[in-house]
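Novice: So I've got this file, data-v3.txt, and it contains compact mmCIF, C-alpha atoms:
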```
# COMPACT_ATOMS: atom_id res chain seq x y z
CA MET L 1 -73.95 48.93 8.90
CA VAL L 2 -73.50 49.03 5.15
CA LEU L 3 -70.03 49.27 3.63
CA ASN L 4 -69.56 51.67 0.76
CA PRO L 5 -67.36 50.03 -1.87
CA ASN L 6 -67.03 53.29 -3.85
CA SER L 7 -65.75 55.31 -0.92
CA MET L 8 -62.24 56.78 -0.94
CA LYS L 9 -61.93 55.21 2.48
CA PRO L 10 -60.61 51.65 2.77
CA ILE L 11 -63.03 49.17 4.33
CA TYR L 12 -61.08 48.87 7.59
CA VAL L 13 -61.35 52.64 8.08
CA GLN L 14 -65.08 52.49 7.40
CA ILE L 15 -65.39 49.80 10.08
CA SER L 16 -63.51 51.80 12.69
CA GLU L 17 -65.58 54.91 11.91
CA TRP L 18 -68.80 52.93 12.22
CA LEU L 19 -67.75 51.63 15.65
CA GLU L 20 -66.77 55.17 16.66
CA THR L 21 -70.25 56.36 15.74
CA GLU L 22 -71.74 53.52 17.78
CA ILE L 23 -69.72 54.77 20.76
CA LEU L 24 -70.75 58.41 20.17
CA ASN L 25 -74.38 57.32 20.04
CA ASP L 26 -73.96 55.44 23.33
CA ASN L 27 -74.82 52.13 21.69
CA LEU L 28 -71.44 51.06 23.04
CA LYS L 29 -70.44 52.40 26.44
CA ALA L 30 -67.23 52.45 28.45
CA ASP L 31 -66.05 48.90 29.31
CA ASP L 32 -68.55 47.35 26.89
CA LYS L 33 -67.15 44.49 24.83
CA ILE L 34 -67.05 45.28 21.12
CA TYR L 35 -67.40 42.85 18.21
CA SER L 36 -64.54 40.43 17.60
CA GLN L 37 -62.83 40.36 14.21
CA TYR L 38 -64.70 37.15 13.39
CA GLN L 39 -68.10 38.58 14.35
CA LEU L 40 -67.38 41.62 12.20
CA ALA L 41 -66.24 39.43 9.30
CA ASP L 42 -69.44 37.42 9.46
CA LEU L 43 -71.63 40.48 9.94
CA LEU L 44 -70.12 42.52 7.11
CA ASN L 45 -69.16 39.66 4.79
CA ILE L 46 -65.47 40.55 4.71
CA ASN L 47 -62.14 38.90 5.40
CA PRO L 48 -61.36 38.65 9.15
CA ALA L 49 -57.93 40.22 8.56
CA THR L 50 -59.60 43.38 7.25
CA ALA L 51 -61.89 43.45 10.29
CA ALA L 52 -58.89 43.05 12.59
CA LYS L 53 -57.23 46.03 10.94
CA GLY L 54 -60.27 48.17 11.71
CA LEU L 55 -60.19 47.09 15.36
CA ASN L 56 -56.46 47.70 15.64
CA LEU L 57 -56.99 51.23 14.36
CA LEU L 58 -59.31 51.83 17.34
CA ALA L 59 -56.78 50.31 19.69
CA ASP L 60 -54.05 52.60 18.27
CA TYR L 61 -56.18 55.64 19.17
CA GLN L 62 -56.86 54.11 22.61
CA ILE L 63 -60.57 54.04 21.91
CA VAL L 64 -60.59 50.35 22.83
CA TYR L 65 -58.30 48.23 24.98
CA LYS L 66 -57.44 44.56 24.70
CA LYS L 67 -57.97 41.99 27.40
CA ARG L 68 -55.94 38.95 26.57
CA GLY L 69 -58.19 36.05 25.65
CA LEU L 70 -61.37 38.02 26.31
CA GLY L 71 -61.55 40.52 23.48
CA MET L 72 -61.63 44.29 23.10
CA PHE L 73 -63.45 46.78 25.31
CA VAL L 74 -64.35 50.46 25.08
CA THR L 75 -62.07 52.73 27.13
CA SER L 76 -63.55 55.32 29.46
CA GLU L 77 -61.95 58.17 27.46
CA ALA L 78 -63.22 56.76 24.16
CA LYS L 79 -65.89 59.37 23.53
CA SER L 80 -63.69 62.41 24.14
CA ILE L 81 -60.89 60.90 22.03
CA ILE L 82 -63.28 60.34 19.12
CA LEU L 83 -64.79 63.82 19.37
CA GLU L 84 -61.35 65.43 19.40
CA LYS L 85 -60.15 63.29 16.51
CA ARG L 86 -63.20 63.92 14.35
CA LYS L 87 -63.08 67.66 14.95
CA SER L 88 -59.44 67.98 14.02
CA GLU L 89 -59.58 65.56 11.06
CA ASN L 90 -62.99 65.09 9.47
CA LEU L 91 -64.66 68.40 10.22
CA LYS L 92 -61.64 70.39 9.09
CA HIS L 93 -61.46 68.47 5.81
CA LEU L 94 -65.16 68.99 5.20
CA ILE L 95 -64.86 72.70 5.83
CA GLU L 96 -61.87 72.88 3.47
CA ASP L 97 -64.09 71.39 0.76
CA VAL L 98 -66.89 73.83 1.53
CA VAL L 99 -64.54 76.81 1.38
CA LYS L 100 -63.07 75.56 -1.90
CA GLU L 101 -66.52 75.24 -3.45
CA ALA L 102 -67.52 78.66 -2.08
CA ASP L 103 -64.44 80.23 -3.70
CA TYR L 104 -65.39 78.62 -7.01
CA LEU L 105 -68.84 80.10 -6.78
CA ASN L 106 -67.62 83.50 -5.59
CA VAL L 107 -69.62 83.16 -2.39
CA SER L 108 -68.57 85.82 0.12
CA ARG L 109 -67.58 85.06 3.70
CA GLU L 110 -70.75 86.68 5.02
CA GLU L 111 -72.95 84.71 2.64
CA LEU L 112 -71.20 81.49 3.63
CA ILE L 113 -71.75 82.13 7.32
CA ARG L 114 -75.40 83.05 6.64
CA LEU L 115 -75.83 79.71 4.82
CA LEU L 116 -74.22 77.90 7.73
CA ASP L 117 -76.57 79.55 10.24
CA GLU L 118 -79.54 78.73 8.02
CA VAL L 119 -78.63 75.04 7.88
CA ARG L 120 -78.07 74.94 11.63
CA LYS L 121 -81.46 76.53 12.33
CA GLY L 122 -83.13 74.09 9.96
CA GLU L 123 -82.10 71.16 12.12
CA MET X 1 -45.91 28.61 9.33
CA LYS X 2 -45.58 29.05 5.60
CA ALA X 3 -48.12 27.14 3.55
CA ILE X 4 -46.43 27.69 0.20
CA GLN X 5 -42.93 28.80 -0.68
CA CYS X 6 -41.85 29.29 -4.28
CA GLU X 7 -38.27 30.19 -5.12
CA ASN X 8 -37.29 31.12 -8.65
CA LEU X 9 -39.98 28.71 -9.78
CA THR X 10 -40.16 28.23 -13.53
CA LYS X 11 -42.38 25.92 -15.55
CA ARG X 12 -41.71 25.67 -19.28
CA TYR X 13 -43.77 24.07 -21.99
CA LYS X 14 -41.05 23.37 -24.56
CA LYS X 15 -39.46 26.83 -24.83
CA PHE X 16 -42.40 28.87 -23.50
CA ALA X 17 -42.15 29.74 -19.81
CA ALA X 18 -45.75 29.72 -18.53
CA VAL X 19 -44.44 30.42 -15.03
CA ASP X 20 -41.29 32.48 -15.23
CA ASP X 21 -38.91 32.70 -12.28
CA VAL X 22 -41.41 33.51 -9.56
CA THR X 23 -40.58 33.85 -5.86
CA PHE X 24 -43.24 34.34 -3.20
CA THR X 25 -44.54 32.97 0.08
CA ILE X 26 -48.10 32.33 1.18
CA GLU X 27 -48.74 32.28 4.92
CA GLU X 28 -50.81 29.54 6.47
CA ASN X 29 -54.54 30.21 7.04
CA THR X 30 -54.95 33.13 4.67
CA ILE X 31 -57.25 33.61 1.69
CA THR X 32 -55.36 34.71 -1.40
CA GLY X 33 -56.86 35.80 -4.70
CA LEU X 34 -54.84 34.83 -7.76
CA ILE X 35 -55.57 37.41 -10.43
CA GLY X 36 -54.29 37.74 -13.98
CA ARG X 37 -55.31 37.98 -17.59
CA ASN X 38 -56.06 34.92 -19.71
CA GLY X 39 -52.82 33.03 -20.29
CA ALA X 40 -50.94 34.78 -17.48
CA GLY X 41 -49.83 31.43 -16.01
CA LYS X 42 -52.30 31.10 -13.12
CA THR X 43 -53.39 27.52 -13.76
CA THR X 44 -49.85 26.33 -14.44
CA LEU X 45 -48.71 27.88 -11.17
CA LEU X 46 -51.56 26.27 -9.21
CA LYS X 47 -50.99 22.84 -10.77
CA THR X 48 -47.29 23.06 -9.96
CA ILE X 49 -48.18 23.91 -6.36
CA MET X 50 -50.50 20.88 -6.29
CA GLY X 51 -47.66 18.69 -7.54
CA TYR X 52 -49.35 17.84 -10.84
CA PHE X 53 -46.41 19.35 -12.72
CA LYS X 54 -42.74 19.12 -11.98
CA PRO X 55 -40.97 22.51 -12.00
CA SER X 56 -38.57 23.07 -14.91
CA SER X 57 -36.28 24.91 -12.50
CA GLY X 58 -36.42 26.55 -9.10
CA SER X 59 -38.39 25.08 -6.25
CA VAL X 60 -41.85 24.95 -4.72
CA ARG X 61 -42.59 23.75 -1.21
CA VAL X 62 -46.05 23.06 0.21
CA PHE X 63 -46.16 22.56 3.99
CA GLU X 64 -42.36 22.28 3.74
CA GLU X 65 -42.53 19.39 1.27
CA ASN X 66 -41.84 19.11 -2.42
CA PRO X 67 -45.41 18.53 -3.70
CA PHE X 68 -44.39 16.48 -6.73
CA ASN X 69 -45.06 12.80 -5.94
CA SER X 70 -45.82 13.71 -2.32
CA LEU X 71 -48.51 11.72 -0.56
CA LYS X 72 -48.59 14.21 2.29
CA VAL X 73 -49.43 17.06 -0.06
CA SER X 74 -52.08 15.11 -2.01
CA ALA X 75 -53.78 14.08 1.21
CA ASN X 76 -53.79 17.65 2.54
CA ALA X 77 -54.71 19.58 -0.58
CA ILE X 78 -57.68 19.78 -2.91
CA TYR X 79 -57.82 21.42 -6.31
CA VAL X 80 -61.20 22.35 -7.75
CA ASP X 81 -61.46 23.45 -11.36
CA ASP X 82 -63.58 23.11 -14.49
CA TYR X 83 -62.09 19.78 -15.42
CA MET X 84 -62.26 18.01 -12.08
CA THR X 85 -62.55 14.35 -12.96
CA LEU X 86 -65.69 12.89 -11.47
CA PRO X 87 -67.42 9.69 -12.53
CA GLN X 88 -70.12 10.72 -15.01
CA ASP X 89 -72.77 8.05 -14.38
CA VAL X 90 -72.72 7.52 -10.60
CA PRO X 91 -75.35 9.09 -8.31
CA LEU X 92 -74.07 12.36 -6.82
CA SER X 93 -74.60 11.10 -3.27
CA ASN X 94 -72.23 8.20 -3.96
CA ILE X 95 -69.57 10.68 -5.01
CA LEU X 96 -69.95 12.48 -1.68
CA ASP X 97 -69.64 9.15 0.16
CA PHE X 98 -66.50 8.39 -1.78
CA ALA X 99 -65.00 11.82 -1.03
CA LYS X 100 -65.77 11.21 2.66
CA SER X 101 -63.61 8.08 2.63
CA PHE X 102 -60.78 9.96 0.92
CA TYR X 103 -60.37 13.22 2.85
CA THR X 104 -59.56 12.91 6.55
CA ASN X 105 -61.04 16.30 7.49
CA TRP X 106 -64.18 15.76 5.40
CA ASN X 107 -67.34 17.07 7.07
CA HIS X 108 -70.23 15.01 5.80
CA GLU X 109 -72.89 16.97 7.62
CA LEU X 110 -71.79 20.19 5.93
CA ALA X 111 -71.61 18.44 2.55
CA LEU X 112 -75.15 17.11 2.87
CA LYS X 113 -76.53 20.43 4.10
CA LEU X 114 -74.99 22.31 1.17
CA PHE X 115 -76.17 19.53 -1.16
CA GLN X 116 -79.73 19.99 0.04
CA TYR X 117 -79.52 23.78 0.13
CA HIS X 118 -78.54 23.85 -3.54
CA GLU X 119 -81.38 21.41 -4.28
CA PHE X 120 -79.36 18.55 -5.68
CA HIS X 121 -81.01 15.13 -5.76
CA SER X 122 -79.09 12.08 -4.64
CA ASP X 123 -79.89 10.13 -7.82
CA GLU X 124 -78.73 12.91 -10.17
CA GLN X 125 -75.55 12.22 -12.16
CA VAL X 126 -72.68 14.49 -13.15
CA GLN X 127 -73.38 13.99 -16.87
CA SER X 128 -76.85 15.49 -16.52
CA LEU X 129 -75.69 18.65 -14.69
CA SER X 130 -75.37 22.01 -16.44
CA LYS X 131 -71.99 23.76 -16.35
CA GLY X 132 -72.96 26.00 -13.44
CA ARG X 133 -74.56 23.17 -11.49
CA LYS X 134 -71.50 20.97 -11.94
CA MET X 135 -69.27 23.77 -10.64
CA THR X 136 -71.59 24.25 -7.67
CA PHE X 137 -71.43 20.54 -6.87
CA GLN X 138 -67.62 20.58 -7.12
CA THR X 139 -67.33 23.56 -4.81
CA ILE X 140 -69.35 21.64 -2.22
CA ILE X 141 -66.68 18.94 -2.38
CA GLY X 142 -63.94 21.58 -2.20
CA ILE X 143 -65.42 23.18 0.92
CA ALA X 144 -66.53 20.03 2.77
CA ALA X 145 -63.09 18.43 2.27
CA ARG X 146 -61.66 21.09 4.65
CA CYS X 147 -58.17 20.45 3.31
CA PRO X 148 -55.39 22.54 4.90
CA LEU X 149 -54.67 23.76 1.36
CA THR X 150 -57.79 24.42 -0.70
CA ILE X 151 -57.39 25.72 -4.24
CA PHE X 152 -60.25 26.90 -6.43
CA ASP X 153 -59.28 27.58 -10.03
CA GLU X 154 -61.99 29.74 -11.63
CA PRO X 155 -64.66 28.21 -9.37
CA THR X 156 -67.45 30.53 -10.47
CA THR X 157 -67.42 29.70 -14.18
CA GLY X 158 -71.02 29.20 -15.26
CA MET X 159 -72.51 30.13 -11.88
CA ASP X 160 -75.17 32.83 -11.83
CA TYR X 161 -74.74 35.93 -9.68
CA ALA X 162 -76.81 34.65 -6.73
CA VAL X 163 -74.96 31.33 -6.56
CA ARG X 164 -71.62 33.13 -6.73
CA GLN X 165 -72.52 35.35 -3.77
CA GLU X 166 -73.60 32.27 -1.81
CA PHE X 167 -70.37 30.51 -2.70
CA TYR X 168 -68.25 33.44 -1.40
CA ARG X 169 -70.26 33.58 1.83
CA THR X 170 -70.01 29.80 2.30
CA ILE X 171 -66.23 29.97 1.97
CA LEU X 172 -66.00 32.89 4.38
CA LYS X 173 -68.19 31.29 7.03
CA ASP X 174 -66.43 27.95 6.88
CA TYR X 175 -63.04 29.68 6.86
CA ILE X 176 -63.94 31.65 10.01
CA ALA X 177 -64.95 28.42 11.77
CA HIS X 178 -62.12 26.32 10.31
CA PRO X 179 -59.21 28.47 9.15
CA ARG X 180 -57.16 27.03 6.31
CA THR X 181 -55.05 28.21 3.41
CA ILE X 182 -57.28 29.05 0.48
CA ILE X 183 -56.29 30.23 -2.98
CA ILE X 184 -58.94 31.32 -5.45
CA SER X 185 -58.11 32.27 -9.01
CA THR X 186 -60.75 34.44 -10.58
CA HIS X 187 -61.61 36.98 -13.24
CA LEU X 188 -64.30 38.43 -11.00
CA PHE X 189 -61.92 40.18 -8.66
CA ASN X 190 -64.33 42.99 -7.80
CA GLU X 191 -66.88 40.47 -6.50
CA LEU X 192 -64.34 38.58 -4.43
CA GLU X 193 -62.14 41.42 -3.19
CA ASP X 194 -63.71 41.87 0.27
CA PHE X 195 -63.32 38.18 1.08
CA LEU X 196 -59.59 38.13 0.40
CA GLU X 197 -56.67 38.93 2.66
CA ASN X 198 -54.01 38.99 -0.05
CA ILE X 199 -53.74 39.32 -3.77
CA LEU X 200 -51.20 37.69 -6.07
CA LEU X 201 -51.25 39.34 -9.47
CA MET X 202 -49.67 37.50 -12.39
CA ASP X 203 -48.73 38.82 -15.80
CA ASN X 204 -46.88 36.93 -18.52
CA GLY X 205 -45.74 34.21 -16.13
CA LYS X 206 -44.36 36.69 -13.60
CA VAL X 207 -45.69 37.85 -10.26
CA GLN X 208 -46.53 41.48 -10.90
CA LEU X 209 -47.77 42.28 -7.41
CA HIS X 210 -48.18 40.43 -4.12
CA SER X 211 -49.75 42.49 -1.36
CA SER X 212 -52.55 42.68 1.14
CA ILE X 213 -55.88 43.93 -0.18
CA ASP X 214 -55.73 46.96 2.12
CA GLN X 215 -52.36 47.97 0.73
CA LEU X 216 -53.62 47.53 -2.80
CA GLN X 217 -56.52 49.86 -2.10
CA SER X 218 -54.28 52.70 -0.95
CA TYR X 219 -51.44 51.96 -3.36
CA THR X 220 -52.53 54.35 -6.11
CA ILE X 221 -54.61 57.47 -6.66
CA GLY X 222 -56.57 58.66 -9.66
CA ILE X 223 -56.39 62.32 -10.70
CA THR X 224 -58.68 64.03 -13.19
CA GLY X 225 -58.24 67.48 -14.65
CA SER X 226 -56.96 69.68 -17.42
CA SER X 227 -54.23 68.00 -19.45
CA SER X 228 -51.77 70.89 -19.27
CA LYS X 229 -51.98 71.08 -15.49
CA LEU X 230 -51.74 67.33 -15.11
CA THR X 231 -48.72 67.10 -17.39
CA GLN X 232 -46.79 69.34 -15.04
CA LEU X 233 -47.69 67.15 -12.08
CA ILE X 234 -46.82 63.82 -13.63
CA GLU X 235 -43.68 64.93 -15.45
CA LYS X 236 -41.34 63.22 -13.03
CA ARG X 237 -43.67 60.41 -12.06
CA GLU X 238 -44.33 56.93 -13.28
CA VAL X 239 -47.80 56.90 -14.80
CA ILE X 240 -49.61 53.62 -14.28
CA TYR X 241 -52.56 54.51 -16.45
CA LYS X 242 -53.64 57.44 -18.58
CA ARG X 243 -56.83 58.11 -20.46
CA GLU X 244 -58.03 61.12 -22.45
CA ILE X 245 -61.49 62.15 -21.32
CA SER X 246 -61.74 64.96 -23.85
CA SER X 247 -59.19 66.97 -25.80
CA GLU X 248 -58.42 69.05 -22.70
CA GLN X 249 -59.24 66.63 -19.89
CA GLN X 250 -57.26 63.64 -18.71
CA TYR X 251 -57.43 60.93 -16.10
CA VAL X 252 -54.19 59.49 -14.74
CA VAL X 253 -53.34 56.90 -12.12
CA ILE X 254 -50.10 57.30 -10.15
CA ASN X 255 -48.59 56.00 -6.92
CA ASN X 256 -50.33 57.36 -3.85
CA ASP X 257 -47.29 59.04 -2.31
CA LEU X 258 -48.03 62.66 -3.13
CA THR X 259 -45.88 65.25 -1.39
CA THR X 260 -47.43 68.20 0.43
CA ALA X 261 -46.34 70.47 -2.43
CA GLU X 262 -48.05 68.21 -4.94
CA LEU X 263 -51.23 68.06 -2.88
CA GLN X 264 -51.23 71.84 -2.67
CA TYR X 265 -50.80 72.07 -6.45
CA ILE X 266 -53.74 69.68 -6.93
CA ASN X 267 -55.91 71.79 -4.65
CA GLN X 268 -54.93 75.10 -6.18
CA GLU X 269 -55.34 74.00 -9.78
CA GLY X 270 -58.70 72.37 -9.17
CA LEU X 271 -57.62 68.83 -10.02
CA ALA X 272 -59.86 66.10 -8.63
CA THR X 273 -58.55 63.04 -6.85
CA SER X 274 -60.36 59.72 -6.56
CA SER X 275 -59.67 56.24 -5.33
CA VAL X 276 -58.89 53.57 -7.90
CA ALA X 277 -61.04 50.45 -7.82
CA SER X 278 -58.79 47.44 -7.17
CA ALA X 279 -60.21 45.55 -10.13
CA ASP X 280 -59.40 48.46 -12.45
CA LEU X 281 -55.92 48.76 -11.00
CA THR X 282 -55.14 45.09 -11.62
CA MET X 283 -56.23 45.65 -15.22
CA TYR X 284 -54.02 48.72 -15.63
CA LEU X 285 -51.06 46.83 -14.18
CA THR X 286 -51.45 43.96 -16.63
CA THR X 287 -52.53 45.76 -19.81
CA SER X 288 -50.24 45.24 -22.77
CA LYS X 289 -48.11 48.25 -23.60
CA LYS X 290 -49.40 48.33 -27.17
CA GLY X 291 -52.07 50.87 -26.29
CA GLY X 292 -55.72 50.23 -25.66
CA ILE X 293 -58.54 48.76 -27.67
CA ASP X 294 -59.34 52.28 -28.91
CA ASP X 295 -56.07 52.25 -30.85
CA VAL X 296 -57.30 49.30 -32.88
CA PHE X 297 -60.11 51.47 -34.17
CA ASN X 298 -58.13 54.70 -34.50
CA ARG X 299 -56.98 54.60 -38.11
CA SER X 300 -54.58 57.44 -38.61
```
Rewrite the structure from the file as structure tokens, please.
Specialist:
Amino acid sequence: MVLNPNSMKPIYVQISEWLETEILNDNLKADDKIYSQYQLADLLNINPATAAKGLNLLADYQIVYKKRGLGMFVTSEAKSIILEKRKSENLKHLIEDVVKEADYLNVSREELIRLLDEVRKGE
Amino acid sequence: MKAIQCENLTKRYKKFAAVDDVTFTIEENTITGLIGRNGAGKTTLLKTIMGYFKPSSGSVRVFEENPFNSLKVSANAIYVDDYMTLPQDVPLSNILDFAKSFYTNWNHELALKLFQYHEFHSDEQVQSLSKGRKMTFQTIIGIAARCPLTIFDEPTTGMDYAVRQEFYRTILKDYIAHPRTIIISTHLFNELEDFLENILLMDNGKVQLHSSIDQLQSYTIGITGSSSKLTQLIEKREVIYKREISSEQQYVVINNDLTTAELQYINQEGLATSSVASADLTMYLTTSKKGGIDDVFNRS
């Protein structure tokens, strides 16, 4: 994982989103142990307190749970929680940006949908 | 436990207050970056914490002790700066041996490994080292000493980019394995930012800001757009920084606590928001109010 220092997103948010993606991609499965704050700090060359903040964010969303003295583990609902969260937050924001740009460029609704279909087919 | 507690601490040189009535607390086992312009009072503050200077008024406590004339503090703290007094004509390896006998937590294995990694030779002497090499050697002492309070005052002076990155990583790795209270004063805040937990920003002898790095990053927001539309937005707000991009375009930095109405206005009017780099923000917060360098050249 590479951190983006120019991103609007603070580093701890970038960390939690990276771990979410790892869960979505099944690189981390339910009840798998995830990195500790110290492993993350070493891996990403950042302060352990920042890493801890990223992990706590996941715990707040109940994507991971803590086992005292053992570390943090992926919950069984993790994937559905992440999907729901990303749809309602990220995807909506992205679409807002697209619509804004389309309005600037006087792109009609039909044209926009056609573009969307085109991109989807191209996959 | 608190590692450092300062209360209304002031240090005057004759009438000039280099450190002016500062109050703050540094928690044990954190890494703090001490940031400020030249002459802001950083070194005076650090030397008062180390017990080299006696406060003019107010108090400083290090591990619950007054550091001035305290054996406990000297034995548990190390201060690394440009002027660290080392014997000039003694082999470097002898200096490491001497440091080993002085610091109780000293890790000789680590010292020797770093010594070899940085390709020092045991018969080299301090007087023959370049500025950057001397700093590198001193930071080895600072890290291997593993003092509960470790202070680096401008440790990267003279170091090239690669050595600086290695120095930051060395500190981080040893801190993860052996947590301790570390303070680093630096002018290269952008390089060091990710390694820090907290920032202490000084300006004219005062503490301008003391916060976690994460808070600092979301503390402000930059907005770019047409001057007339921006003016309406920032009318009732405190502007931290303002720059003219062109005659009609402006960039402003304000607190990141926009209301929904304000956000809507920004969206509708096509203003662009951006995050503010922490290093830039610290500069804006400590820039003199006499305008910018451009004003020196603007003869009107």
Novice: Just need the residues of chain X within 6 Å of chain L, counting all atoms listed in the file, so spit them out as a list in words.
Specialist: Asp194, Phe195, Leu196 and Ser275 of chain X
Novice: Any idea what's packed within 10 Å of Glu77 in chain L, counting only C-alpha atoms, ignoring anything in its chain fewer than 5 positions away? Could you give it as a PDB file with C-alpha atoms, keeping the file's coordinate frame?
Specialist:
```pdb
ATOM      1  CA  ALA L  30     -67.230  52.450  28.450  1.00  0.00           C
ATOM      2  CA  GLN L  62     -56.860  54.110  22.610  1.00  0.00           C
ATOM      3  CA  ILE L  63     -60.570  54.040  21.910  1.00  0.00           C
ATOM      4  CA  VAL L  64     -60.590  50.350  22.830  1.00  0.00           C
ATOM      5  CA  ILE L  82     -63.280  60.340  19.120  1.00  0.00           C
TER       6      ILE L  82
END
```
Novice: For CA of Val60 in chain X and CA of Cys6 in chain X, quote the distance in Å rounded to one decimal.
Specialist: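 Result for CA of Val60 in chain X versus CA of Cys6 in chain X: 4.4 Å, one decimal.
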Novice: Excluding same-chain residues fewer than 5 positions from Ile81 in chain L, what lies within 10 Å of it counting all atoms listed in the file, as a VMD selection string?
Specialist: chain L and resid 20 61 to 63 75 to 76 86
Novice: With all atoms listed in the file as the atoms that count, which of X:Val22, X:Leu114, X:Ile95, X:Ala40 lies nearest to Ser57 in chain X?
Specialist: X:Val22
Novice: Interatomic distance between CA of Thr181 in chain X and CA of Leu149 in chain X?
Specialist: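 Result for CA of Thr181 in chain X versus CA of Leu149 in chain X: 4.9 Å, one decimal.
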Novice: Just the number, please: distance in Å from CA of Pro91 in chain X to CA of Cys147 in chain X, one decimal.
Specialist: 23.6 Å
